[in-house]
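Next up, upload_16.txt (compact mmCIF, C-alpha atoms and all ligand atoms):
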# COMPACT_ATOMS: atom_id res chain seq x y z
CA MET A 784 0.42 -80.50 -4.09
CA GLN A 785 3.83 -79.93 -2.49
CA ASP A 786 6.90 -79.73 -4.72
CA LEU A 787 9.28 -82.56 -3.81
CA HIS A 788 12.18 -80.09 -4.16
CA ASP A 789 10.83 -78.06 -1.27
CA ILE A 790 10.92 -80.75 1.43
CA SER A 791 13.92 -81.27 3.67
CA HIS A 792 16.06 -84.42 3.78
CA GLY A 793 14.39 -85.34 7.09
CA GLU A 794 10.90 -84.93 5.62
CA LEU A 795 11.86 -87.11 2.66
CA LEU A 796 13.13 -89.84 4.99
CA ALA A 797 9.86 -89.67 6.95
CA ALA A 798 7.79 -89.91 3.76
CA LEU A 799 9.81 -92.94 2.61
CA GLU A 800 9.40 -94.63 5.98
CA GLU A 801 5.63 -94.15 5.74
CA LEU A 802 5.76 -95.80 2.33
CA GLY A 803 7.75 -98.72 3.78
CA GLN A 804 10.86 -97.85 1.73
CA PRO A 805 14.51 -98.19 2.79
CA LYS A 806 16.52 -95.06 3.63
CA PHE A 807 18.88 -95.36 0.66
CA ARG A 808 16.01 -94.39 -1.64
CA ALA A 809 16.38 -90.81 -0.33
CA LYS A 810 19.87 -90.53 -1.82
CA GLN A 811 18.63 -91.89 -5.15
CA ILE A 812 15.71 -89.47 -5.22
CA GLU A 813 17.93 -86.52 -4.29
CA GLU A 814 20.29 -87.36 -7.14
CA TRP A 815 17.36 -87.26 -9.56
CA LEU A 816 16.23 -83.92 -8.15
CA TRP A 817 19.49 -82.02 -7.74
CA GLU A 818 22.03 -83.58 -10.09
CA LYS A 819 20.07 -85.11 -12.95
CA GLY A 820 17.26 -82.55 -12.90
CA ALA A 821 14.44 -85.05 -13.46
CA THR A 822 11.23 -83.43 -14.68
CA SER A 823 9.00 -86.50 -14.23
CA PHE A 824 8.80 -89.38 -11.75
CA ASP A 825 8.94 -91.84 -14.69
CA GLU A 826 12.52 -90.77 -15.40
CA MET A 827 13.60 -92.08 -11.96
CA SER A 828 14.45 -95.44 -13.48
CA ASN A 829 16.25 -96.91 -10.46
CA LEU A 830 13.14 -96.57 -8.25
CA PRO A 831 10.47 -99.29 -8.20
CA LYS A 832 7.40 -98.39 -10.27
CA THR A 833 5.18 -98.59 -7.19
CA LEU A 834 7.33 -96.00 -5.39
CA ARG A 835 7.32 -93.69 -8.41
CA ALA A 836 3.52 -93.89 -8.49
CA ALA A 837 3.22 -93.28 -4.73
CA LEU A 838 5.50 -90.23 -4.94
CA ALA A 839 3.55 -88.87 -7.91
CA GLU A 840 0.34 -89.11 -5.85
CA ARG A 841 1.83 -87.03 -3.04
CA PHE A 842 4.25 -84.63 -4.66
CA SER A 843 4.77 -82.54 -7.78
CA LEU A 844 8.13 -81.86 -9.40
CA GLY A 845 7.53 -78.14 -9.90
CA GLY A 846 9.09 -77.71 -13.25
CA MET A 847 9.57 -74.74 -15.49
CA GLU A 848 8.22 -74.29 -18.94
CA GLN A 849 10.38 -72.39 -21.38
CA LEU A 850 8.25 -69.63 -22.92
CA ALA A 851 11.02 -68.03 -24.96
CA ARG A 852 14.74 -68.30 -25.63
CA GLN A 853 16.93 -65.77 -27.38
CA GLU A 854 20.51 -66.41 -28.47
CA SER A 855 22.97 -63.56 -28.84
CA GLU A 856 25.73 -63.26 -31.40
CA ASP A 857 28.18 -63.51 -28.48
CA GLY A 858 26.78 -66.95 -27.56
CA SER A 859 24.80 -65.92 -24.48
CA ARG A 860 21.26 -67.16 -24.21
CA LYS A 861 18.38 -65.56 -22.38
CA TYR A 862 15.38 -67.58 -21.20
CA LEU A 863 11.86 -66.64 -20.20
CA LEU A 864 10.55 -69.41 -17.94
CA LYS A 865 7.05 -70.03 -16.59
CA LEU A 866 6.79 -71.43 -13.05
CA ALA A 867 4.15 -73.89 -11.84
CA ASP A 868 1.76 -71.08 -10.79
CA GLY A 869 2.20 -69.15 -14.04
CA ALA A 870 4.67 -66.53 -12.74
CA ALA A 871 7.34 -65.69 -15.33
CA ILE A 872 11.05 -65.21 -14.64
CA GLU A 873 14.20 -64.67 -16.65
CA CYS A 874 17.69 -66.07 -16.55
CA VAL A 875 20.74 -65.86 -18.79
CA GLY A 876 23.58 -68.26 -19.67
CA MET A 877 26.89 -66.70 -20.68
CA PRO A 878 29.57 -69.03 -22.07
CA THR A 879 33.24 -67.99 -22.27
CA GLY A 880 35.57 -70.72 -23.51
CA ALA A 881 35.14 -73.68 -21.19
CA ARG A 882 33.28 -71.60 -18.60
CA LEU A 883 29.53 -71.10 -18.29
CA ALA A 884 28.17 -68.33 -16.07
CA VAL A 885 24.51 -68.12 -15.19
CA CYS A 886 22.61 -65.02 -14.10
CA ALA A 887 19.48 -66.10 -12.22
CA SER A 888 16.46 -64.36 -10.68
CA THR A 889 15.45 -64.53 -7.02
CA GLN A 890 11.98 -63.02 -7.36
CA ALA A 891 9.31 -62.83 -10.04
CA GLY A 892 9.28 -59.09 -10.64
CA CYS A 893 10.84 -56.79 -8.05
CA GLY A 894 9.67 -54.30 -5.46
CA MET A 895 12.80 -52.14 -5.38
CA GLY A 896 11.70 -49.77 -8.12
CA CYS A 897 15.12 -48.84 -9.54
CA ALA A 898 14.48 -46.05 -12.00
CA PHE A 899 16.50 -47.57 -14.85
CA CYS A 900 15.00 -51.07 -14.64
CA ALA A 901 12.09 -52.52 -16.60
CA THR A 902 11.47 -55.17 -13.91
CA GLY A 903 11.33 -52.51 -11.20
CA ALA A 904 8.69 -50.60 -13.15
CA ALA A 905 6.43 -53.67 -13.22
CA GLY A 906 6.56 -54.32 -9.42
CA LEU A 907 6.86 -57.54 -7.40
CA THR A 908 4.79 -60.62 -8.24
CA ARG A 909 6.29 -62.94 -5.59
CA SER A 910 9.52 -64.28 -4.14
CA LEU A 911 10.89 -67.55 -5.53
CA THR A 912 11.57 -70.70 -3.54
CA ALA A 913 15.14 -72.00 -3.22
CA SER A 914 14.35 -74.76 -5.71
CA GLU A 915 12.98 -72.26 -8.24
CA ILE A 916 16.23 -70.29 -8.03
CA TYR A 917 18.26 -73.50 -8.32
CA GLY A 918 16.03 -74.76 -11.15
CA GLN A 919 17.01 -71.85 -13.41
CA VAL A 920 20.65 -72.88 -13.19
CA MET A 921 19.72 -76.48 -14.04
CA HIS A 922 17.67 -75.25 -16.99
CA VAL A 923 20.64 -73.33 -18.41
CA ARG A 924 23.02 -76.24 -17.72
CA ASP A 925 20.77 -78.67 -19.58
CA ASP A 926 20.24 -76.30 -22.50
CA PHE A 927 23.99 -75.77 -22.97
CA GLY A 928 24.78 -79.37 -22.05
CA SER A 929 27.78 -78.24 -20.02
CA ARG A 930 28.83 -77.68 -16.44
CA VAL A 931 27.96 -74.34 -14.85
CA THR A 932 31.10 -72.75 -13.40
CA SER A 933 29.65 -69.64 -11.77
CA VAL A 934 26.29 -68.14 -10.80
CA VAL A 935 25.37 -64.57 -10.06
CA LEU A 936 22.00 -63.73 -8.54
CA MET A 937 21.58 -60.54 -10.49
CA GLY A 938 18.45 -61.26 -12.53
CA GLN A 939 15.02 -60.10 -11.50
CA GLY A 940 14.47 -59.35 -7.86
CA GLU A 941 16.40 -58.29 -4.77
CA PRO A 942 18.04 -61.43 -3.31
CA PHE A 943 18.18 -59.97 0.20
CA ALA A 944 14.41 -59.35 0.14
CA ASN A 945 14.22 -63.15 -0.16
CA TYR A 946 17.14 -64.04 2.09
CA ASP A 947 16.36 -67.58 3.26
CA ALA A 948 15.50 -68.93 -0.19
CA THR A 949 18.56 -67.21 -1.65
CA LEU A 950 20.86 -68.83 0.92
CA GLY A 951 19.10 -72.18 0.47
CA ALA A 952 19.73 -72.03 -3.28
CA LEU A 953 23.36 -70.96 -2.84
CA ARG A 954 24.00 -73.82 -0.43
CA ARG A 955 22.48 -76.36 -2.80
CA LEU A 956 24.49 -74.93 -5.73
CA ASN A 957 27.61 -75.18 -3.61
CA SER A 958 26.92 -78.68 -2.26
CA PRO A 959 28.67 -81.73 -3.72
CA ASP A 960 25.15 -83.24 -3.70
CA GLY A 961 24.01 -80.36 -5.88
CA LEU A 962 25.97 -78.69 -8.66
CA GLY A 963 29.19 -78.45 -6.63
CA ILE A 964 30.03 -74.88 -7.65
CA GLY A 965 32.72 -73.26 -5.46
CA ALA A 966 31.34 -70.68 -2.99
CA ARG A 967 33.63 -67.96 -4.37
CA HIS A 968 31.99 -68.47 -7.76
CA LEU A 969 28.52 -67.85 -6.32
CA THR A 970 27.68 -64.16 -6.11
CA VAL A 971 24.76 -62.30 -4.58
CA SER A 972 24.05 -58.88 -6.02
CA THR A 973 22.06 -56.56 -3.75
CA CYS A 974 20.85 -52.98 -3.92
CA GLY A 975 22.35 -52.58 -0.46
CA ILE A 976 19.91 -53.81 2.23
CA ILE A 977 22.15 -53.11 5.20
CA PRO A 978 20.83 -55.57 7.84
CA GLN A 979 21.12 -58.43 5.34
CA ILE A 980 24.64 -57.42 4.26
CA LEU A 981 25.67 -57.73 7.92
CA ARG A 982 23.89 -61.08 8.23
CA PHE A 983 25.50 -62.34 5.01
CA ALA A 984 28.94 -61.36 6.35
CA LYS A 985 28.46 -63.86 9.18
CA GLU A 986 27.51 -66.84 6.97
CA PRO A 987 30.18 -69.54 7.12
CA GLU A 988 30.55 -70.00 3.34
CA GLN A 989 32.80 -67.80 1.23
CA PHE A 990 30.05 -66.57 -1.08
CA THR A 991 30.80 -63.37 -2.98
CA LEU A 992 28.97 -60.06 -2.54
CA ALA A 993 28.25 -57.39 -5.13
CA VAL A 994 26.44 -54.16 -4.28
CA SER A 995 24.67 -51.99 -6.83
CA LEU A 996 26.04 -48.56 -6.06
CA HIS A 997 25.29 -46.59 -9.23
CA SER A 998 26.04 -43.30 -7.50
CA ALA A 999 28.01 -42.10 -4.49
CA VAL A 1000 25.96 -38.89 -4.38
CA GLN A 1001 22.99 -39.34 -2.04
CA ARG A 1002 20.41 -37.39 -4.05
CA THR A 1003 21.33 -39.19 -7.29
CA ARG A 1004 21.25 -42.59 -5.62
CA ASN A 1005 17.86 -41.82 -4.05
CA LEU A 1006 16.55 -40.97 -7.49
CA LEU A 1007 18.00 -44.05 -9.18
CA MET A 1008 17.39 -46.54 -6.34
CA PRO A 1009 14.42 -45.38 -4.22
CA GLY A 1010 14.07 -48.86 -2.67
CA VAL A 1011 17.17 -48.35 -0.51
CA LYS A 1012 16.93 -44.65 0.30
CA ARG A 1013 16.14 -45.40 3.95
CA TRP A 1014 19.83 -46.37 4.29
CA SER A 1015 22.28 -43.58 3.63
CA LEU A 1016 25.53 -43.95 1.72
CA LEU A 1017 27.29 -43.48 5.05
CA ASN A 1018 25.36 -46.50 6.45
CA LEU A 1019 26.40 -48.48 3.39
CA TYR A 1020 30.04 -47.40 3.70
CA GLU A 1021 30.14 -48.52 7.32
CA ALA A 1022 28.35 -51.82 6.65
CA MET A 1023 30.77 -52.63 3.84
CA GLY A 1024 33.68 -51.87 6.17
CA THR A 1025 32.24 -54.37 8.65
CA TYR A 1026 31.71 -56.90 5.84
CA VAL A 1027 35.37 -56.65 4.83
CA ASP A 1028 36.56 -56.83 8.45
CA LEU A 1029 34.49 -59.96 9.12
CA THR A 1030 35.12 -61.83 5.87
CA GLY A 1031 38.40 -60.50 4.51
CA ARG A 1032 36.78 -60.79 1.09
CA ARG A 1033 36.75 -58.20 -1.65
CA PRO A 1034 33.25 -56.90 -2.46
CA THR A 1035 32.27 -55.47 -5.83
CA TYR A 1036 30.41 -52.24 -6.48
CA GLU A 1037 28.33 -52.22 -9.63
CA TYR A 1038 28.15 -48.85 -11.32
CA ALA A 1039 26.12 -48.58 -14.53
CA LEU A 1040 27.19 -45.41 -16.28
CA ILE A 1041 24.23 -43.28 -17.37
CA ARG A 1042 24.91 -40.32 -19.58
CA GLY A 1043 24.36 -36.98 -17.84
CA ILE A 1044 23.12 -38.60 -14.60
CA ASN A 1045 25.94 -40.39 -12.80
CA ASP A 1046 28.86 -39.84 -15.19
CA THR A 1047 29.55 -36.18 -14.39
CA ASP A 1048 32.78 -34.87 -12.83
CA GLU A 1049 31.00 -34.38 -9.47
CA GLU A 1050 29.78 -37.99 -9.54
CA LEU A 1051 33.23 -39.29 -10.42
CA ALA A 1052 34.84 -37.33 -7.59
CA SER A 1053 32.27 -38.70 -5.09
CA LEU A 1054 32.81 -42.27 -6.33
CA VAL A 1055 36.57 -41.90 -5.94
CA ASP A 1056 36.08 -40.61 -2.36
CA PHE A 1057 33.65 -43.43 -1.51
CA CYS A 1058 36.03 -46.15 -2.68
CA ARG A 1059 39.41 -44.72 -1.75
CA GLY A 1060 41.18 -46.88 0.84
CA THR A 1061 38.60 -49.69 0.72
CA LEU A 1062 39.09 -53.20 -0.61
CA ALA A 1063 36.24 -52.85 -3.11
CA HIS A 1064 36.48 -53.61 -6.80
CA VAL A 1065 34.37 -51.37 -9.03
CA ASN A 1066 32.60 -52.76 -12.09
CA ILE A 1067 31.80 -49.97 -14.49
CA ILE A 1068 28.91 -51.26 -16.57
CA GLN A 1069 28.15 -49.98 -20.02
CA LEU A 1070 24.38 -49.95 -20.35
CA ASN A 1071 22.57 -51.44 -23.30
CA GLU A 1072 20.81 -48.88 -25.45
CA VAL A 1073 17.09 -49.40 -24.64
CA PRO A 1074 14.66 -47.93 -27.16
CA GLY A 1075 12.54 -45.16 -25.64
CA SER A 1076 14.46 -45.13 -22.31
CA LYS A 1077 15.36 -41.78 -20.77
CA PHE A 1078 18.60 -43.39 -19.54
CA GLN A 1079 21.28 -43.66 -22.20
CA PRO A 1080 24.77 -45.19 -21.98
CA SER A 1081 27.86 -43.03 -21.52
CA SER A 1082 30.67 -43.12 -24.04
CA GLU A 1083 33.46 -45.70 -23.89
CA ALA A 1084 35.91 -42.85 -23.32
CA ARG A 1085 33.99 -41.76 -20.21
CA ALA A 1086 33.98 -45.33 -18.85
CA GLY A 1087 37.75 -45.44 -19.43
CA GLU A 1088 38.15 -42.16 -17.54
CA PHE A 1089 36.27 -43.59 -14.51
CA VAL A 1090 38.57 -46.62 -14.46
CA ARG A 1091 41.68 -44.45 -14.81
CA ARG A 1092 40.70 -42.06 -11.99
CA LEU A 1093 39.81 -44.90 -9.61
CA GLY A 1094 43.10 -46.61 -10.47
CA GLN A 1095 45.00 -43.43 -9.57
CA VAL A 1096 43.87 -43.79 -5.94
CA GLY A 1097 44.56 -47.54 -5.87
CA VAL A 1098 40.99 -48.76 -6.46
CA GLU A 1099 40.69 -51.70 -8.85
CA ALA A 1100 38.12 -51.03 -11.53
CA THR A 1101 37.13 -52.65 -14.80
CA VAL A 1102 34.65 -51.91 -17.54
CA ARG A 1103 32.17 -54.71 -17.96
CA VAL A 1104 30.72 -55.07 -21.37
CA SER A 1105 27.06 -56.03 -21.26
CA ARG A 1106 26.61 -59.53 -22.63
CA GLY A 1107 23.82 -60.14 -25.08
CA ALA A 1108 23.45 -56.51 -26.09
CA ASP A 1109 21.46 -57.73 -29.11
CA ILE A 1110 19.01 -59.91 -27.11
CA ASP A 1111 17.26 -57.66 -24.61
CA ALA A 1112 19.64 -58.76 -21.87
CA ALA A 1113 18.75 -56.03 -19.37
CA CYS A 1114 16.41 -57.53 -16.80
CA GLY A 1115 12.71 -57.43 -17.61
CA GLN A 1116 13.07 -56.62 -21.27
CA LEU A 1117 12.31 -60.06 -22.69
CA ARG A 1118 9.21 -60.44 -20.53
CA GLN A 1119 7.94 -57.01 -21.54
CA ARG A 1120 8.47 -57.83 -25.19
CA MET A 1121 6.49 -61.08 -24.84
CA GLU A 1122 3.71 -59.23 -23.05
CA ARG A 1123 3.58 -56.60 -25.78
CA LYS A 1124 3.32 -59.40 -28.36
CA ARG A 1125 0.55 -61.14 -26.44
CA GLY A 1126 -1.29 -57.87 -25.88
S1 LIG A 1201 17.70 -53.37 -10.89
FE1 LIG A 1201 17.39 -55.27 -9.73
S2 LIG A 1201 16.83 -54.56 -7.66
FE2 LIG A 1201 16.52 -52.80 -9.04
S3 LIG A 1201 14.35 -52.92 -9.64
FE3 LIG A 1201 15.55 -54.02 -11.21
S4 LIG A 1201 15.48 -56.16 -10.55
FE4 LIG A 1201 14.92 -54.91 -8.78

Write the structure described by the file as structure tokens, please.
Ligand code: SF4
Amino acid sequence: MQDLHDISHGELLAALEELGQPKFRAKQIEEWLWEKGATSFDEMSNLPKTLRAALAERFSLGGMEQLARQESEDGSRKYLLKLADGAAIECVGMPTGARLAVCASTQAGCGMGCAFCATGAAGLTRSLTASEIYGQVMHVRDDFGSRVTSVVLMGQGEPFANYDATLGALRRLNSPDGLGIGARHLTVSTCGIIPQILRFAKEPEQFTLAVSLHSAVQRTRNLLMPGVKRWSLLNLYEAMGTYVDLTGRRPTYEYALIRGINDTDEELASLVDFCRGTLAHVNIIQLNEVPGSKFQPSSEARAGEFVRRLGQVGVEATVRVSRGADIDAACGQLRQRMERKRG
């Protein structure tokens, strides 16, 4: 049965016409879907009972079942959600004062195979629909009972390997008929799929772009991020130049510092060269300590040194503290823990 979230406005109007219903019902139904987050047709109290029954015969409401929720000492909450077909995904809500940021997934699993990532190790299950991406944000909003002020698509999956659904979700999140979140507060984080970066640069909305860089040395980056090794760092440098020329917006490079791998003096010098004279902002990420992982975080002093050296050549950089360090907040960890428990 088709999920009502996945049909277009035009298809909804056609379905209503077939059912002999007036057009204004579409607006009412869309409010239930995208603003109120109805999980059953019975909740749609301003629709006639007969219409609710007719819709229930034709459509499902998708829906996500919460399999697990962890709350961190810093207030962030991580969710493991089960989709209608049983696929499991993760998302995180991170409150700061009156703000609530959500990190959502665009795929169940991921095919990019980043060496430091638990999700990458497990492979891709499938891409999500736009409404499944959007639904995670609604789930977090309803759990916190407060407005979501920003969303970053940095959970499981590579958003640009699922481009159309990603853009569909961003547009709905941005729309006044959806959650009405400003485009600049909606961020896509990619490993660096060049053709899609160039396509994204031409989209009319002012969405924000973050690129996982993690090394400006080709052989290190190939090792850490094999999924994008077909595009060289030079390709990436040029594409990001085009992105800035076309949009005038400041992109972010994500750089997770890994002790002994990408935090050496040679790596720092290459990063400084890669960023010098560009508009990019660099986020130095301090990894969470993952038991048994061969990748360990660098020291705080080393992170500070990266920021200082980038600053010396006029590149803005900040150290981002991982939220939820006590709740398995690196992608894939919660799901793996649940699977270990079940096994
Ligand atoms: S870090 Fe992101 S892109 Fe890389 S494997 Fe993990 S989920 Fe995929």

Exercise. Give the residues close to ligand LIG 1201 (chain A), within 6 Å, counting all atoms listed in the file; write them as a PyMOL selection string.
Key: chain A and resi 893+895-897+900+902-903+939-941+974

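Closest to Phe1089 of chain A among A:Tyr1038, A:Phe990, A:Trp1014, A:Phe943 is A:Tyr1038, based on only C-alpha atoms.
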
Practice problem: Show me as a count of residues only the residues that reach within 6 Å of (23.2, -58.3, -11.5), counting all atoms listed in the file and using the file's own coordinates. | Solution: 3

Quiz item: Could you pull the residues within 9 Å of Met847 of chain A, counting all atoms listed in the file, minus those fewer than 5 positions along the same chain, as a PyMOL selection string?
Solution: chain A and resi 822+864-867+915+918-919+922

Could you dump the residues just selected with C-alpha atoms as a CSV table (one decimal), keeping the file's coordinate frame?
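After the write, result.csv holds the following:
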chain,number,residue,atom,x,y,z
A,822,THR,CA,11.2,-83.4,-14.7
A,864,LEU,CA,10.6,-69.4,-17.9
A,865,LYS,CA,7.0,-70.0,-16.6
A,866,LEU,CA,6.8,-71.4,-13.0
A,867,ALA,CA,4.2,-73.9,-11.8
A,915,GLU,CA,13.0,-72.3,-8.2
A,918,GLY,CA,16.0,-74.8,-11.2
A,919,GLN,CA,17.0,-71.8,-13.4
A,922,HIS,CA,17.7,-75.2,-17.0

Quiz item: Taking only C-alpha atoms into account, which of A:Gly876, A:Pro805, A:Gly1024, A:Gly1010 comes nearest Leu981 of chain A?
Solution: A:Gly1024

Practice problem: Using all atoms listed in the file, determine which residues lie at most 10 Å from segment 963-971 of chain A, disregarding the query and same-chain residues fewer than 2 positions distant; provide the list as an NGL selection string. | Solution: :A and (818 or 884-886 or 889 or 930-937 or 941-943 or 949-950 or 953-961 or 973 or 983 or 988-994 or 1032 or 1034-1035)

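All residues of protein, DNA or RNA that reach within 10 Å of Gly1087 of chain A, judged by all atoms listed in the file and not counting those fewer than 5 positions away in the chain, are Ile1067, Ser1082, Arg1092, Ala1100, Thr1101 and Val1102 of chain A.
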
Write a file of the selected residues as a short mmCIF file (atom, residue, chain, number, x, y, z; two decimals), keeping the file's coordinate frame, keeping C-alpha atoms.
data_model
loop_
_atom_site.label_atom_id
_atom_site.label_comp_id
_atom_site.auth_asym_id
_atom_site.auth_seq_id
_atom_site.Cartn_x
_atom_site.Cartn_y
_atom_site.Cartn_z
CA ILE A 1067 31.80 -49.97 -14.49
CA SER A 1082 30.67 -43.12 -24.04
CA ARG A 1092 40.70 -42.06 -11.99
CA ALA A 1100 38.12 -51.03 -11.53
CA THR A 1101 37.13 -52.65 -14.80
CA VAL A 1102 34.65 -51.91 -17.54
#

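If you look at atom CA of Trp815 of chain A and atom CA of Val923 of chain A, they are 16.8 Å away from each other.
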
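You will find atom CA of Phe1078 of chain A at 11.7 Å from atom CA of Asp1046 of chain A.
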
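Atom CA of Arg909 of chain A sits 8.2 Å away from atom CA of Ala870 of chain A.
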
Exercise. Could you give me, as a PyMOL selection string, the residues within 8 Å of Ala898 of chain A, counting only C-alpha atoms and dropping anything in the same chain fewer than 3 positions from it?
Key: chain A and resi 903-904+1006-1009
